[in-house]
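Structure, as structure tokens:
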Amino acid sequence: MKRIILHIDMNAFFASVEQQADPKLKGKPVIVGTGIGLRGVVSTSSYEARPYGIKSGMPLREAIKLCPYATFIPVDPYKYESVSKKIMDIFFKYTPLVEVFSIDEAYLDVTGSLRIYGSVDKLVTKIKEDIKQEFGVSCSAGMGPNKLLAKLASSMDKPDGFARIMEEDVPLLATKLLVSALCGIGPGLTKSLEKLNIITMKDLAECNEKILIERYGIIGRRLHLMSLGKDPSPVLPYFHYEDAKSMGHSITFGEDVSDFMKIKRTLLWLSERVGRRLRKAKMRGKKVTIGIRYGDFTSIGKGRSILQYINDGYEIYRSALEIMKSFIDPEREIRLVGVSVSRLVKGIYEPDLFEDFEKKERLLHATDKINDRFGEFTVKRAFLLGKVVRKILFNPLHPAR
């Protein structure tokens with residue numbers, strides 16, 4: 001029996017949640033952004049703002065110029081996560097096979113659910129009605145025999161639409177579709193494929209699979225399957241929303257920064273925040289990724305797998321710093337820095353044979369308890385105190401000595 005996969009994508013999710021929270025914003029242009037003041041970037045915008053040319057990732061300064069009457073709202077992650085979790089719970093009413101792909105989208109394998117609901121159209125209509133009635137937001141849905149085609153379909157009828165792509169539609173679709181539209185092919189890989197004169201999905205299908213494998217290794221095999229509209233990967237259920245694929249934090253500086261000491265201190269601050277989130281979720285990760293954005297908006301990201309599962313902020317920082325040193329350009333000023341941990345597992349206990357693991361765990365636990373009670377970073381590493389601590393430690397007349 002062929003699988004029936006749905007991809008549900010919330011429409012302008014952050015902005016829609018804000019409009020629902022404040023009815024005065026309904027029908028008006030809304031821009032939700034991250035960062036500090038006008039140096040931030042657009043996270044998402046309402047559909048009323050998009051005709052003005054507002055796009056995700058655009059500098060807020062530029063967005064305000066294009067749409068000066070828009071309402072700007074800072075990102076409120078806790079609000080969006082709360083609504084997202086409740087929406088995912090709705091999906092679980094219709095099938096136990098739900099894969100949370102991001103905060104505002106998910107895959108649903110509804111192959112077995114049709115015995116109850118009769119048709120995909122009825123099922124999708126019911127899901128849309130539940131979300132609209134309970135949260136006042138809309139979503140787009142796509143259907144296909146696999147995750148690849150279902151996700152493509154959900155982007156074809158926005159907002160609040162429903163489209164389907166079947167295997168027999170792939171040959172015609174491939175002639176029109178750019179490879180960059182396929183999930184998993186980002187800007188870097190798109191540029192690399194262009195060098196092979198691969199622009200469309202059809203170009204990718206006509207490229208010899210051996211060439212793709214020689215050039216990209218195991219990814220080459222995946223690219224070949226994608227070009228044919230095939231995706232054997234299953235829908236992997238997430239029975240607890242906290243079991244995220246990764247955890248991370250980033251910050252946009254108020255001014256572009258070239259002081260490497262400040263960058264290192266910021267990296268440690270972000271790493272400690274990530275470590276604290278991991279410990280709260282009782283999780284550890286085995287891959288650290290660092291991302292930076294230069295003043296000219298060029299972005300670079302690089303990840304590295306480590307030997308052991310960790311949730312200690314300082315261990316995350318040490319790995320992140322090594323990675324950053326391997327590619328950072330010291331001549332360029334930095335606008336944004338971020339760090340994340342992925343390949344997460346829950347509840348694993350993997351002591352380091354070469355360190356006092358128990359002692360370190362007790363110290364982290366004690367620090368967390370103090371910070372839980374008195375506020376974030378009440379207890380922190382001296383390096384985060386910056387110039388203040390150096391004045392104390394190296395001033396022979398200071399009473400602290």
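Ligands are numbered from 1 in the order shown, chains are lettered A, B, ... in the order of the structure tokens, and residues start at 1 in each chain.
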> Which residues, written as a list of chain:residue names, have at least one atom at most 9 Å from A:Leu321, with only C-alpha atoms counted and residues fewer than 6 positions away on the same chain left out?
Replying inline: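 Near A:Leu321, the qualifying residues are A:Lys264, A:Leu267, A:Leu268, A:Ile290.
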Preceding selection exported with C-alpha atoms as a short mmCIF file (atom, residue, chain, number, x, y, z; two decimals), in the first residue's frame:
data_model
loop_
_atom_site.label_atom_id
_atom_site.label_comp_id
_atom_site.auth_asym_id
_atom_site.auth_seq_id
_atom_site.Cartn_x
_atom_site.Cartn_y
_atom_site.Cartn_z
CA LYS A 264 34.82 34.86 22.63
CA LEU A 267 30.35 32.73 22.49
CA LEU A 268 30.82 31.51 26.08
CA ILE A 290 28.90 27.62 15.13
#
> Counting only C-alpha atoms, what is within 9 Å of A:Pro234, bar same-chain residues fewer than 5 positions away, as a list in words?
Replying inline: Asp109, Asn146 and Lys147 of chain A
Just C-alpha atoms for this one: save the residues we selected as a PDB file, in the first residue's frame.
ATOM      1  CA  ASP A 109       1.744   9.774   7.928  1.00  0.00           C
ATOM      2  CA  ASN A 146       6.616  10.697   0.576  1.00  0.00           C
ATOM      3  CA  LYS A 147       7.955  13.606   2.655  1.00  0.00           C
TER       4      LYS A 147
END
> Skipping near chain neighbours, those fewer than 4 positions away, what residues fall within 9 Å of stretch 2-17 of chain A using only C-alpha atoms, listed as a PyMOL selection string?
Replying inline: chain A and resi 21-22+26+30-32+43-47+73+75-77+79-80+83+103-112+120+124+135-147+149-155+158-160+164+235
Those residues with C-alpha atoms, as a compact mmCIF listing (two decimals), in the first residue's frame please?
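Output file result38.txt follows:
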# COMPACT_ATOMS: atom_id res chain seq x y z
CA ALA A 21 -3.05 37.75 20.63
CA ASP A 22 -3.85 41.39 19.75
CA LYS A 26 -5.62 41.76 12.41
CA VAL A 30 3.06 43.08 11.14
CA ILE A 31 6.81 42.43 11.22
CA VAL A 32 8.30 40.06 13.78
CA SER A 43 12.00 36.66 11.30
CA THR A 44 8.63 36.64 9.56
CA SER A 45 5.93 39.06 8.46
CA SER A 46 2.17 38.95 8.08
CA TYR A 47 0.71 38.52 4.61
CA ILE A 73 7.15 43.08 17.40
CA VAL A 75 10.29 37.58 18.70
CA ASP A 76 8.63 35.89 21.69
CA PRO A 77 9.88 32.27 21.48
CA LYS A 79 4.69 32.21 23.21
CA TYR A 80 5.28 30.53 19.84
CA VAL A 83 1.10 27.48 20.65
CA ILE A 103 8.25 25.05 15.28
CA ASP A 104 5.63 25.71 12.57
CA GLU A 105 5.61 22.60 10.38
CA ALA A 106 5.25 18.84 10.66
CA TYR A 107 4.91 15.66 8.62
CA LEU A 108 1.96 13.33 9.22
CA ASP A 109 1.74 9.77 7.93
CA VAL A 110 -2.04 9.35 7.58
CA THR A 111 -2.00 6.10 5.59
CA GLY A 112 -3.82 4.23 8.35
CA VAL A 120 -7.61 12.90 2.64
CA VAL A 124 -7.18 17.91 5.99
CA PHE A 135 -5.90 29.23 17.73
CA GLY A 136 -7.29 31.50 15.02
CA VAL A 137 -4.37 30.80 12.66
CA SER A 138 -4.31 29.13 9.25
CA CYS A 139 -2.06 26.54 7.65
CA SER A 140 -1.17 25.19 4.22
CA ALA A 141 -1.18 21.46 3.58
CA GLY A 142 0.53 19.30 1.01
CA MET A 143 0.02 15.64 0.22
CA GLY A 144 2.33 13.15 -1.47
CA PRO A 145 3.54 9.56 -1.38
CA ASN A 146 6.62 10.70 0.58
CA LYS A 147 7.95 13.61 2.66
CA LEU A 149 6.73 15.62 -2.45
CA ALA A 150 4.40 16.46 0.44
CA LYS A 151 6.61 19.39 1.46
CA LEU A 152 6.82 20.61 -2.14
CA ALA A 153 3.03 20.42 -2.42
CA SER A 154 2.43 22.49 0.74
CA SER A 155 4.35 25.40 -0.81
CA LYS A 158 -0.31 29.42 0.11
CA PRO A 159 -1.82 30.69 2.29
CA ASP A 160 -4.43 28.34 3.71
CA ARG A 164 -1.04 17.29 -3.81
CA VAL A 235 7.90 9.81 9.32
>> With distances taken over only C-alpha atoms, which residue among A:Gly301, A:Gly338, A:Gly118, A:Pro330 lies nearest A:Thr266?
In response: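 Of A:Gly301, A:Gly338, A:Gly118, A:Pro330, the one nearest A:Thr266, counting only C-alpha atoms, is A:Gly338.
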> Looking only at the backbone, which of the residues in stretch 236-308 of chain A does DSSP tag as helix (DSSP H, G or I), as a PyMOL selection string?
Replying inline: chain A and resi 260-280
>> Which residue is closest to A:Phe260? Choose from A:Leu172, A:Val100, A:Met324, A:Met58 and count only C-alpha atoms.
In response: A:Met324
>> Which residues are near A:Thr175? Cut-off 9 Å, only C-alpha atoms, ignore same chain within fewer than 3 positions. Put them as a PyMOL selection string.
In response: chain A and resi 170-172+178+200-203
Keeping only N, CA and C atoms, write the selected residues as a tab-separated table (two decimals), in the first residue's frame.
chain	number	residue	atom	x	y	z
A	170	VAL	N	5.63	14.01	-11.32
A	170	VAL	CA	7.04	14.39	-11.19
A	170	VAL	C	7.70	14.77	-12.52
A	171	PRO	N	7.54	14.01	-13.61
A	171	PRO	CA	8.23	14.38	-14.87
A	171	PRO	C	7.93	15.80	-15.34
A	172	LEU	N	6.65	16.22	-15.30
A	172	LEU	CA	6.30	17.58	-15.71
A	172	LEU	C	6.80	18.60	-14.71
A	178	LEU	N	13.14	24.48	-9.81
A	178	LEU	CA	14.56	24.70	-9.54
A	178	LEU	C	15.01	23.77	-8.42
A	200	THR	N	17.67	22.82	-12.79
A	200	THR	CA	16.33	22.33	-12.50
A	200	THR	C	16.37	20.90	-11.97
A	201	MET	N	15.22	20.46	-11.48
A	201	MET	CA	15.08	19.08	-11.01
A	201	MET	C	15.32	18.10	-12.16
A	202	LYS	N	14.91	18.50	-13.36
A	202	LYS	CA	15.13	17.65	-14.55
A	202	LYS	C	16.62	17.52	-14.85
A	203	ASP	N	17.36	18.63	-14.73
A	203	ASP	CA	18.82	18.58	-14.93
A	203	ASP	C	19.46	17.59	-13.97
>> Residues within 12 Å of A:Glu331, please, as a ChimeraX atom specification. Count only C-alpha atoms; anything in the same chain fewer than 2 positions from it doesn't count.
In response: /A:257-260,294-295,327-329,333-334
Emit the selected residues as a compact mmCIF listing (two decimals), in the first residue's frame, including N, CA and C atoms.
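The result, written out as selection_23.txt:
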# COMPACT_ATOMS: atom_id res chain seq x y z
N VAL A 257 31.28 43.97 15.35
CA VAL A 257 32.35 43.74 16.32
C VAL A 257 33.58 43.14 15.65
N SER A 258 34.77 43.67 16.02
CA SER A 258 36.02 43.09 15.55
C SER A 258 36.89 42.63 16.72
N ASP A 259 36.50 43.01 17.95
CA ASP A 259 37.23 42.64 19.15
C ASP A 259 37.03 41.14 19.42
N PHE A 260 38.08 40.34 19.19
CA PHE A 260 37.95 38.89 19.31
C PHE A 260 37.65 38.47 20.74
N TYR A 294 28.86 38.20 8.98
CA TYR A 294 29.71 39.39 8.92
C TYR A 294 28.87 40.64 8.67
N GLY A 295 29.52 41.78 8.78
CA GLY A 295 28.84 43.05 8.59
C GLY A 295 28.20 43.22 7.23
N PHE A 327 37.77 28.95 10.80
CA PHE A 327 37.28 29.60 9.57
C PHE A 327 37.07 31.11 9.69
N ILE A 328 37.17 31.67 10.90
CA ILE A 328 36.87 33.09 11.04
C ILE A 328 37.90 33.96 10.33
N ASP A 329 37.44 35.04 9.72
CA ASP A 329 38.31 36.01 9.05
C ASP A 329 38.55 37.16 10.02
N GLU A 333 34.55 42.50 10.34
CA GLU A 333 33.72 42.71 11.53
C GLU A 333 32.52 41.76 11.52
N ILE A 334 32.11 41.37 12.70
CA ILE A 334 31.03 40.39 12.84
C ILE A 334 29.76 41.06 13.35
Can you write out as CSV which residues of stretch 257-286 of chain A fall within 8 Å of stretch 307-311 of chain A, alongside each residue's closest atom pair and its distance in Å to one decimal, counting only C-alpha atoms and ordering rows by chain and ascending residue number?
residue,atom,partner,partner_atom,distance
A:Val274,CA,A:Asn311,CA,7.9
A:Gly275,CA,A:Asn311,CA,4.8
A:Arg276,CA,A:Asn311,CA,7.4
A:Leu278,CA,A:Asn311,CA,5.7
A:Arg279,CA,A:Asn311,CA,6.1
A:Met283,CA,A:Asn311,CA,7.0
A:Arg284,CA,A:Ile310,CA,4.9
A:Gly285,CA,A:Tyr309,CA,4.9
A:Lys286,CA,A:Tyr309,CA,4.7
Would you save the residues of that selection, restricted to N, CA and C atoms, as a PDB file, in the first residue's frame?
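Generated output (out.pdb):
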ATOM      1  N   VAL A 274      22.957  27.505  26.113  1.00  0.00           N
ATOM      2  CA  VAL A 274      22.590  26.255  25.445  1.00  0.00           C
ATOM      3  C   VAL A 274      22.734  25.083  26.415  1.00  0.00           C
ATOM      4  N   GLY A 275      23.848  25.054  27.157  1.00  0.00           N
ATOM      5  CA  GLY A 275      24.076  23.978  28.113  1.00  0.00           C
ATOM      6  C   GLY A 275      22.980  23.921  29.172  1.00  0.00           C
ATOM      7  N   ARG A 276      22.579  25.080  29.623  1.00  0.00           N
ATOM      8  CA  ARG A 276      21.528  25.135  30.651  1.00  0.00           C
ATOM      9  C   ARG A 276      20.195  24.615  30.102  1.00  0.00           C
ATOM     10  N   LEU A 278      19.856  22.409  27.702  1.00  0.00           N
ATOM     11  CA  LEU A 278      20.012  20.962  27.543  1.00  0.00           C
ATOM     12  C   LEU A 278      19.813  20.244  28.877  1.00  0.00           C
ATOM     13  N   ARG A 279      20.384  20.797  29.934  1.00  0.00           N
ATOM     14  CA  ARG A 279      20.275  20.145  31.242  1.00  0.00           C
ATOM     15  C   ARG A 279      18.828  20.178  31.757  1.00  0.00           C
ATOM     16  N   MET A 283      18.955  16.438  28.455  1.00  0.00           N
ATOM     17  CA  MET A 283      19.485  15.996  27.169  1.00  0.00           C
ATOM     18  C   MET A 283      20.969  16.320  27.058  1.00  0.00           C
ATOM     19  N   ARG A 284      21.619  15.618  26.140  1.00  0.00           N
ATOM     20  CA  ARG A 284      23.014  15.869  25.785  1.00  0.00           C
ATOM     21  C   ARG A 284      23.134  15.771  24.271  1.00  0.00           C
ATOM     22  N   GLY A 285      24.168  16.393  23.737  1.00  0.00           N
ATOM     23  CA  GLY A 285      24.363  16.365  22.297  1.00  0.00           C
ATOM     24  C   GLY A 285      25.782  15.992  21.927  1.00  0.00           C
ATOM     25  N   LYS A 286      25.956  15.575  20.663  1.00  0.00           N
ATOM     26  CA  LYS A 286      27.263  15.096  20.224  1.00  0.00           C
ATOM     27  C   LYS A 286      27.792  15.864  19.015  1.00  0.00           C
TER      28      LYS A 286
END
> To one decimal place, how far is atom CA of A:Tyr317 from atom CA of A:Ile292 in Å?
Replying inline: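 We find that atom CA of A:Tyr317 and atom CA of A:Ile292 lie 14.5 Å from each other.
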